[in-house]
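Engineer: protein-v9.txt is reproduced in full below (compact mmCIF, C-alpha atoms and all ligand atoms).
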# COMPACT_ATOMS: atom_id res chain seq x y z
CA MET J 1 -12.16 11.36 -37.15
CA CYS J 2 -11.60 13.45 -34.06
CA SER J 3 -8.67 15.79 -33.65
CA ILE J 4 -5.57 14.65 -31.85
CA GLY J 5 -5.98 17.30 -29.18
CA ALA J 6 -9.51 16.20 -28.35
CA ALA J 7 -8.50 12.56 -28.15
CA GLN J 8 -5.60 13.43 -25.93
CA SER J 9 -7.65 15.39 -23.46
CA ARG J 10 -10.36 12.72 -23.33
CA LEU J 11 -8.01 9.84 -22.69
CA ASN J 12 -5.25 11.74 -20.96
CA MET J 13 -2.74 9.72 -22.97
CA GLY J 14 -0.01 10.64 -25.39
CA ALA J 15 -0.37 12.15 -28.81
CA PHE J 16 -1.96 10.11 -31.60
CA THR J 17 -4.09 7.94 -29.38
CA TYR J 18 -7.74 7.73 -30.32
CA PRO J 19 -10.85 6.51 -28.49
CA ARG J 20 -11.23 2.75 -28.55
CA SER J 21 -14.94 3.10 -29.22
CA GLU J 22 -14.36 3.86 -32.90
CA PRO J 23 -15.55 0.88 -34.97
CA GLY J 24 -12.83 -1.55 -36.02
CA SER J 25 -10.27 0.15 -33.85
CA GLY J 26 -9.53 -2.63 -31.34
CA GLY J 27 -5.88 -3.23 -30.64
CA HIS J 28 -3.97 -6.51 -30.68
CA MET J 29 -5.69 -7.91 -27.63
CA ASP J 30 -4.52 -11.45 -28.47
CA LEU J 31 -0.92 -10.30 -27.99
CA VAL J 32 -1.81 -8.32 -24.87
CA GLU J 33 -3.47 -11.43 -23.43
CA ARG J 34 -0.33 -13.48 -24.00
CA LEU J 35 1.73 -10.84 -22.19
CA ASN J 36 -0.87 -10.89 -19.44
CA THR J 37 -0.87 -14.65 -18.82
CA PHE J 38 2.91 -15.05 -18.72
CA PRO J 39 3.50 -14.10 -15.05
CA ASN J 40 1.20 -16.94 -14.00
CA ALA J 41 2.97 -19.41 -16.28
CA LEU J 42 6.23 -18.30 -14.72
CA ARG J 43 4.84 -18.60 -11.19
CA GLN J 44 3.63 -22.13 -11.93
CA GLU J 45 6.97 -23.11 -13.43
CA LEU J 46 8.77 -21.89 -10.31
CA ALA J 47 6.42 -23.41 -7.75
CA GLY J 48 8.21 -25.97 -5.60
CA VAL J 49 11.65 -25.41 -7.11
CA PRO J 50 14.13 -26.13 -4.30
CA GLU J 51 16.47 -23.32 -3.22
CA THR J 52 19.57 -25.20 -4.36
CA ALA J 53 18.12 -25.63 -7.84
CA ALA J 54 17.05 -21.97 -8.03
CA ILE J 55 20.53 -20.62 -7.38
CA ALA J 56 22.54 -23.29 -9.24
CA ARG J 57 24.57 -21.70 -12.01
CA PRO J 58 25.62 -23.96 -14.88
CA ALA J 59 29.31 -24.73 -15.16
CA ASP J 60 29.66 -22.41 -18.15
CA GLY J 61 29.02 -19.43 -15.88
CA SER J 62 25.59 -18.66 -17.28
CA TRP J 63 22.55 -17.65 -15.22
CA SER J 64 20.74 -19.54 -12.46
CA ILE J 65 16.93 -19.65 -12.34
CA ASP J 66 16.98 -16.69 -9.94
CA ASP J 67 19.33 -14.77 -12.24
CA VAL J 68 16.89 -15.38 -15.11
CA LEU J 69 14.03 -14.14 -12.95
CA GLY J 70 15.96 -10.97 -12.10
CA HIS J 71 16.73 -10.50 -15.80
CA LEU J 72 13.03 -10.82 -16.64
CA CYS J 73 12.33 -7.99 -14.17
CA ASP J 74 14.96 -5.79 -15.82
CA HIS J 75 13.62 -6.67 -19.26
CA ALA J 76 10.06 -5.85 -18.16
CA ARG J 77 11.22 -2.47 -16.86
CA PHE J 78 12.90 -1.54 -20.14
CA LEU J 79 10.03 -2.90 -22.23
CA HIS J 80 7.56 -0.69 -20.37
CA GLN J 81 9.82 2.34 -20.61
CA ARG J 82 10.35 1.85 -24.34
CA LEU J 83 6.70 1.24 -25.15
CA SER J 84 5.71 4.27 -23.12
CA MET J 85 8.17 6.42 -25.08
CA MET J 86 6.89 5.04 -28.39
CA ILE J 87 3.32 5.85 -27.41
CA ASN J 88 4.09 9.33 -26.20
CA LEU J 89 6.97 10.54 -28.39
CA GLU J 90 7.61 10.70 -32.09
CA GLU J 91 10.03 7.89 -33.06
CA PRO J 92 12.07 8.09 -29.84
CA ARG J 93 15.60 6.73 -29.63
CA LEU J 94 15.56 3.46 -27.68
CA ALA J 95 18.96 3.18 -26.03
CA SER J 96 20.35 -0.30 -25.48
CA TYR J 97 21.41 -1.55 -22.10
CA ASP J 98 23.85 -4.11 -20.76
CA GLU J 99 21.71 -6.96 -19.43
CA GLY J 100 24.70 -8.75 -17.91
CA GLU J 101 25.64 -5.65 -15.96
CA LEU J 102 22.06 -5.20 -14.72
CA ALA J 103 21.83 -8.86 -13.74
CA ALA J 104 25.06 -8.63 -11.76
CA ALA J 105 23.96 -5.44 -10.01
CA ARG J 106 20.65 -6.99 -9.01
CA HIS J 107 22.10 -9.83 -6.86
CA ALA J 108 19.08 -11.99 -7.64
CA GLN J 109 20.80 -14.96 -6.02
CA SER J 110 20.23 -13.48 -2.58
CA ALA J 111 16.86 -11.83 -3.36
CA SER J 112 13.54 -13.33 -2.36
CA ARG J 113 12.02 -15.29 -5.24
CA ARG J 114 8.59 -14.13 -4.18
CA ASP J 115 9.71 -10.49 -4.37
CA LEU J 116 11.18 -11.02 -7.83
CA LEU J 117 7.96 -12.65 -9.03
CA THR J 118 5.93 -9.81 -7.54
CA GLU J 119 8.13 -7.20 -9.20
CA PHE J 120 7.85 -8.92 -12.55
CA SER J 121 4.06 -9.33 -12.25
CA GLU J 122 3.58 -5.67 -11.33
CA ARG J 123 5.76 -4.38 -14.14
CA ARG J 124 4.03 -6.64 -16.65
CA ALA J 125 0.56 -5.66 -15.39
CA ALA J 126 1.38 -1.98 -15.96
CA THR J 127 2.49 -2.75 -19.52
CA VAL J 128 -0.65 -4.78 -20.18
CA GLU J 129 -2.79 -1.91 -18.92
CA MET J 130 -0.95 0.60 -21.10
CA LEU J 131 -1.19 -1.54 -24.24
CA SER J 132 -4.87 -2.29 -23.62
CA GLU J 133 -5.62 1.38 -24.25
CA LEU J 134 -4.10 1.35 -27.72
CA VAL J 135 -6.15 1.14 -30.86
CA HIS J 136 -5.12 -0.95 -33.83
CA TRP J 137 -3.12 1.70 -35.69
CA ASN J 138 -1.22 2.82 -32.59
CA TRP J 139 0.62 -0.50 -32.84
CA ALA J 140 2.46 0.79 -35.91
CA ARG J 141 4.03 3.61 -33.91
CA ALA J 142 7.78 3.20 -33.94
CA GLY J 143 11.01 3.86 -32.11
CA ARG J 144 14.62 3.86 -33.24
CA HIS J 145 16.25 0.94 -31.49
CA GLU J 146 19.99 1.40 -31.05
CA GLU J 147 20.74 -2.14 -32.29
CA LEU J 148 17.69 -3.17 -34.30
CA GLY J 149 16.92 0.07 -36.10
CA ARG J 150 13.38 1.28 -36.66
CA ILE J 151 10.94 -0.97 -34.80
CA SER J 152 7.18 -0.78 -34.25
CA ILE J 153 5.25 -1.38 -31.05
CA ARG J 154 3.88 -4.53 -32.68
CA GLN J 155 7.38 -5.81 -33.46
CA LEU J 156 8.69 -4.98 -29.99
CA VAL J 157 5.78 -6.84 -28.37
CA ASP J 158 6.35 -9.84 -30.67
CA ARG J 159 9.97 -9.88 -29.56
CA ALA J 160 8.95 -9.63 -25.90
CA LEU J 161 6.62 -12.63 -26.29
CA ALA J 162 9.41 -14.68 -27.86
CA HIS J 163 11.74 -13.49 -25.07
CA ASP J 164 9.24 -14.71 -22.45
CA GLN J 165 9.12 -18.15 -24.04
CA ASN J 166 12.90 -18.43 -24.48
CA HIS J 167 13.52 -17.76 -20.83
CA LEU J 168 10.70 -20.09 -19.76
CA GLU J 169 12.45 -22.82 -21.77
CA GLN J 170 15.73 -21.87 -20.12
CA ILE J 171 14.14 -22.21 -16.66
CA ARG J 172 12.73 -25.63 -17.61
CA ALA J 173 16.16 -26.76 -18.77
CA LEU J 174 17.76 -25.49 -15.55
CA LYS J 175 15.17 -27.35 -13.47
CA GLN J 176 15.86 -30.49 -15.43
CA ALA J 177 19.61 -30.10 -15.04
CA ALA J 178 19.24 -29.67 -11.26
CA LYS J 179 17.46 -33.02 -11.05
CA THR J 180 20.26 -35.00 -12.67
NI NI U 1 16.79 -12.21 -22.12
Before we go any further, please render this structure as structure tokens.

Structural biologist:
Amino acid sequence: MCSIGAAQSRLNMGAFTYPRSEPGSGGHMDLVERLNTFPNALRQELAGVPETAAIARPADGSWSIDDVLGHLCDHARFLHQRLSMMINLEEPRLASYDEGELAAARHAQSASRRDLLTEFSERRAATVEMLSELVHWNWARAGRHEELGRISIRQLVDRALAHDQNHLEQIRALKQAAKT
């Protein structure tokens, strides 16, 4: 096994990252691939959605499709920030944030849907690139989540994948509701 310092200088990454060429060291590329394909799934789901449907907020005051898209951008930003801290720091504190406040501040209703999709795709691509460099055991690196407690990179990515799917379902339901 090489020393941490050598690995760091070779890869120019954070502490405790090792070369991927070591046998049996591949990371969770199946999970990375699912993160990677989501922006396209989202793009397809949003193709051809009329403007009125995209900004329609349900009667209960919850989010429109555009609000959800803005929220996904915010979520992608925090996910990247948190994962980066977990890779580079020793059990960093992962502060929580108010997603409702961020969504309101973003004014997604008047933003361009194309811009939101581009922002999300770019943020996600950066995360995919960062995670692709990790070896298997890096995925056990952890942070201290303000609400969830100690959480590993693997667990945070699992949650992000579930989060993707939940909001995709939400968008489908909103599309359906706009038709009726
Ligand atoms: Ni969410």

Engineer: J:Thr37, J:Thr52, J:Ser110, J:Gln44: which is nearest Asp164 (chain J), counting only C-alpha atoms?

Structural biologist: J:Thr37

Engineer: Residues at most 8 Å from ligand NI 1 (chain U), using all atoms listed in the file? Could they come as an MDAnalysis selection string?

Structural biologist: chainID J and resid 68 71:72 75 99 163:164 166:167

Engineer: Go through J:Ala178, J:Glu122, J:Gln81, J:Leu35 and flag the residue nearest Arg93 (chain J), using all atoms listed in the file for the distances.

Structural biologist: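 Smallest distance to Arg93 (chain J) is found for J:Gln81.
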
Engineer: Go through J:Pro39, J:Gly26, J:Gly61, J:Gly143 and flag the residue nearest Leu94 (chain J), using all atoms listed in the file for the distances.

Structural biologist: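 Among the listed residues, the smallest separation from Leu94 (chain J) belongs to J:Gly143.
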
Engineer: Which one is closest to Ile151 (chain J): J:Arg82, J:Arg124, J:Arg34, J:Arg77? Count all atoms listed in the file.

Structural biologist: J:Arg82

Engineer: How many Å lie between CA of Ala104 (chain J) and CA of Leu117 (chain J), rounded to one decimal?

Structural biologist: 17.8 Å

Engineer: Please provide the set of residues having any atom within 12 Å of Thr127 (chain J), restricted to all atoms listed in the file, with same-chain residues fewer than 2 positions apart removed, written as a PyMOL selection string.

Structural biologist: chain J and resi 31-36+75-84+87+120-125+129-134+153+157+160
